[in-house]
Every structure is written in C-alpha cells, then in structure tokens.
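Participant: Let me begin by handing over the structure; questions about it come next.
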Amino acid sequence: MDIVLYYAPITCSLAPYITLTEAGADFEVRALNFATGQHTSPEYLKVNPKHKVPLLIVDGKSLSENVAIQSWIARTFPQAKLLPADPWQELQAISLLSWCSGGIHPFLTRINSPLRVCDVAGTEDSVKKLATKSLMELFKIADDLLTDRQFFFDHFTAPDAHFFWCQRRARQFGLDLSGFTHCVAHFERMTRRPSVQKLLAFEKSVQDQFAKAA
Ligand SMILES: N[C@@H](CCC(=O)N[C@@H](CS)C(=O)NCC(=O)O)C(=O)O
C-alpha cells in the first residue's frame, strides 16, 4: 500500500503524522511551505481544492479531513488500537476527534487569522479575545475529561494526538493553560511519546530546510 501524507509544520497535519507513526505505517511525507503559499499553488489545488492539510493519498486516492483520515488509519492498522474496541467508546472517540477539528480548531484559526473572520478595521484584537474566551471554556471541558486519566480512554488513541495539537497551538498563541493541570499533564505525557519526539524532530528538519531555501 502506498501512503502519502501532505503535511505542513505547526499545522493539524501533525496529528495523523503521530498516529501513522504509532501504527508503524510506512508512509511518505510531502511537506508544504505555507510561508511561500505552496498550499495555494495550482499544483496543490489540483490535489486538494480546499488548500488545506492534512491530506492523505492512499494508492492514488485522496482523503481529506482529520476525522476521516484518523478513522482510516485506525481501521487499516487495527493492531495499533488507535480507536477503542467497544463500539460506544469508539463513537465517543469519533466525537472527540470531531470536537477537536470542528469545535476547538476554528477558534484557533480565528486567533491565527482574525481577518478571515472579520475585516472591519480595528476588530482583530476583539476577534482574538473572543476566540480566547471560547477556547478557555473548551480547555476546561477537556481538563474535566482528563481528570485522573492518562489519556481520553484507557490507552493512547487518535483523539490524544489531535488534542495534543490543539493544546500545542493554543500554547503557541500564548494562551495560559497552566490552570488546566490535567491538560498540562496530558501535554507533557504526549511530548514524551516516541511518536511525538519523532514528529518534533521531523518538524524541525523541515523548518530548517525551508529556512535554508528562503
Ligand atoms: N477540518 C480540517 C481542517 C484542516 C485545516 O484547517 N488545516 C489548516 C492547517 S491547521 C490549513 O491547512 N490551512 C490552510 C488554509 O486554510 O489555507 C481537518 O480537520 O482536517
């Protein structure tokens, strides 16, 4: 099977990088440089008109959206147990993945690109402030879910990877999540995982490569 992951440093495409690594999958990464607009180039738009990552290409067929990509990885590599075995728990995990991508991610995007939401002059700070307020509410919910737990379920699953990215991005934007001690512990636990260490080293190598080419 030929697996290609379109990826960009810092972005939510790091979530499937982590799960593909956890699954022991043999995959090729094609890194896009957002700073030079590679994701909006005519070549990439042909591959993904949504101009987003992640995008997975399996034997020439493309799959977009984290929830679908994570589900595919979990189904294709069942031995990695990337979703819980119990059907109800499995759907709870899909619910968490959807929450990361549809509930948390859009508020992170507002902080990153407030002008995509509102182009009225002088509103940028207000958009960021409101997004931060919503995010704090969402991280409180995650903190409650993670109380006295190492992971969202009884072992590492795909939502842990996606939530790790959400928390990392929020921290990069300067949100103070230190009061959410269970989220903080989850972040630290995730950072220690070999798959995440591998991802962080890979991310650095791609960033260095992009910087050299600039
Ligand atoms: N709902 C999508 C969101 C993907 C997404 O927004 N990716 C961002 C990076 S974190 C992106 O590629 N943005 C580029 C753009 O919107 O042009 C998913 O969960 O896969």
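Residue numbering restarts at 1 in every chain; chains get A, B, ... in the order shown in the structure tokens, and ligands count up from 1 in that same order.
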Write out as a ChimeraX atom specification all residues of stretch 104-165 of chain A that DSSP puts in helix (DSSP H, G or I) for this structure's backbone.

Facilitator: /A:104-112,114-116,124-145,158-165

Participant: Just want the 9 Å neighbourhood of stretch 8-12 of chain A, counted on only C-alpha atoms, with same-chain residues fewer than 5 positions away dropped. Output as a tab-separated table (two decimals) with C-alpha atoms, in the first residue's frame.

Facilitator:
```
chain	number	residue	atom	x	y	z
A	30	ARG	CA	5.21	15.70	1.32
A	31	ALA	CA	5.87	18.89	3.27
A	32	LEU	CA	4.25	22.11	2.12
A	33	ASN	CA	5.70	25.52	2.90
A	34	PHE	CA	2.75	27.71	3.92
A	39	HIS	CA	-0.77	25.12	-0.27
A	53	VAL	CA	-3.53	19.87	5.22
A	54	PRO	CA	-3.67	17.11	6.25
A	66	ASN	CA	-8.68	14.73	10.09
A	101	SER	CA	-11.49	19.62	14.39
A	105	HIS	CA	-9.76	24.21	15.76
A	162	HIS	CA	-5.41	15.59	17.79
A	165	TRP	CA	-2.03	19.51	18.53
A	166	CYS	CA	-4.91	21.73	19.75
A	168	ARG	CA	0.22	22.93	21.38
A	169	ARG	CA	-1.29	25.50	19.01
A	202	PHE	CA	10.90	15.87	11.69
A	203	GLU	CA	9.17	19.23	12.04
A	204	LYS	CA	12.47	20.88	12.95
A	206	VAL	CA	11.51	20.60	7.60
A	207	GLN	CA	11.59	24.07	9.15
```

Participant: Measure the distance from atom CA of A:Phe180 to atom CA of A:Gln70 in Å and round it to one decimal.

Facilitator: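 Separation between atom CA of A:Phe180 and atom CA of A:Gln70: 26.0 Å.
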
Participant: With only C-alpha atoms counted and 10 Å as the cut-off, give the residues of stretch 122-208 of chain A in contact with stretch 15-19 of chain A, each with its shortest interatomic distance in Å and the pair that gives it, as a Markdown table.

Facilitator:
```
| residue | atom | partner | partner_atom | distance |
| --- | --- | --- | --- | --- |
| A:Phe156 | CA | A:Thr19 | CA | 9.8 |
| A:Thr157 | CA | A:Thr19 | CA | 8.2 |
| A:Ala158 | CA | A:Thr19 | CA | 6.3 |
| A:Pro159 | CA | A:Ala15 | CA | 8.7 |
| A:Asp160 | CA | A:Ala15 | CA | 8.8 |
| A:Ala161 | CA | A:Ala15 | CA | 5.1 |
| A:His162 | CA | A:Ala15 | CA | 5.0 |
| A:Phe163 | CA | A:Ala15 | CA | 8.4 |
| A:Phe164 | CA | A:Ala15 | CA | 7.9 |
| A:Trp165 | CA | A:Ala15 | CA | 6.5 |
| A:Cys166 | CA | A:Ala15 | CA | 9.4 |
| A:Arg193 | CA | A:Ile18 | CA | 9.5 |
| A:Pro194 | CA | A:Ile18 | CA | 9.3 |
| A:Ser195 | CA | A:Ile18 | CA | 5.5 |
| A:Val196 | CA | A:Ile18 | CA | 6.1 |
| A:Gln197 | CA | A:Ile18 | CA | 9.3 |
| A:Lys198 | CA | A:Ile18 | CA | 8.3 |
| A:Leu199 | CA | A:Ile18 | CA | 6.6 |
| A:Leu200 | CA | A:Ile18 | CA | 9.8 |
| A:Phe202 | CA | A:Tyr17 | CA | 9.9 |
```

Participant: If you count only C-alpha atoms, which residues fall within 8 Å of A:Cys118, apart from same-chain ones fewer than 5 positions away, as a ChimeraX atom specification?

Facilitator: /A:123-124,127

Participant: As an MDAnalysis selection string, please: the residues near A:Phe173 (cut-off 9 Å, only C-alpha atoms, same-chain neighbours under 6 positions excluded).

Facilitator: chainID A and resid 108 111:112

Participant: Restricting the calculation to only C-alpha atoms and all ligand atoms, which member of A:Gln150, A:Ser178, A:Ser64, A:Ser205 is positioned closest to ligand 1?

Facilitator: A:Ser64
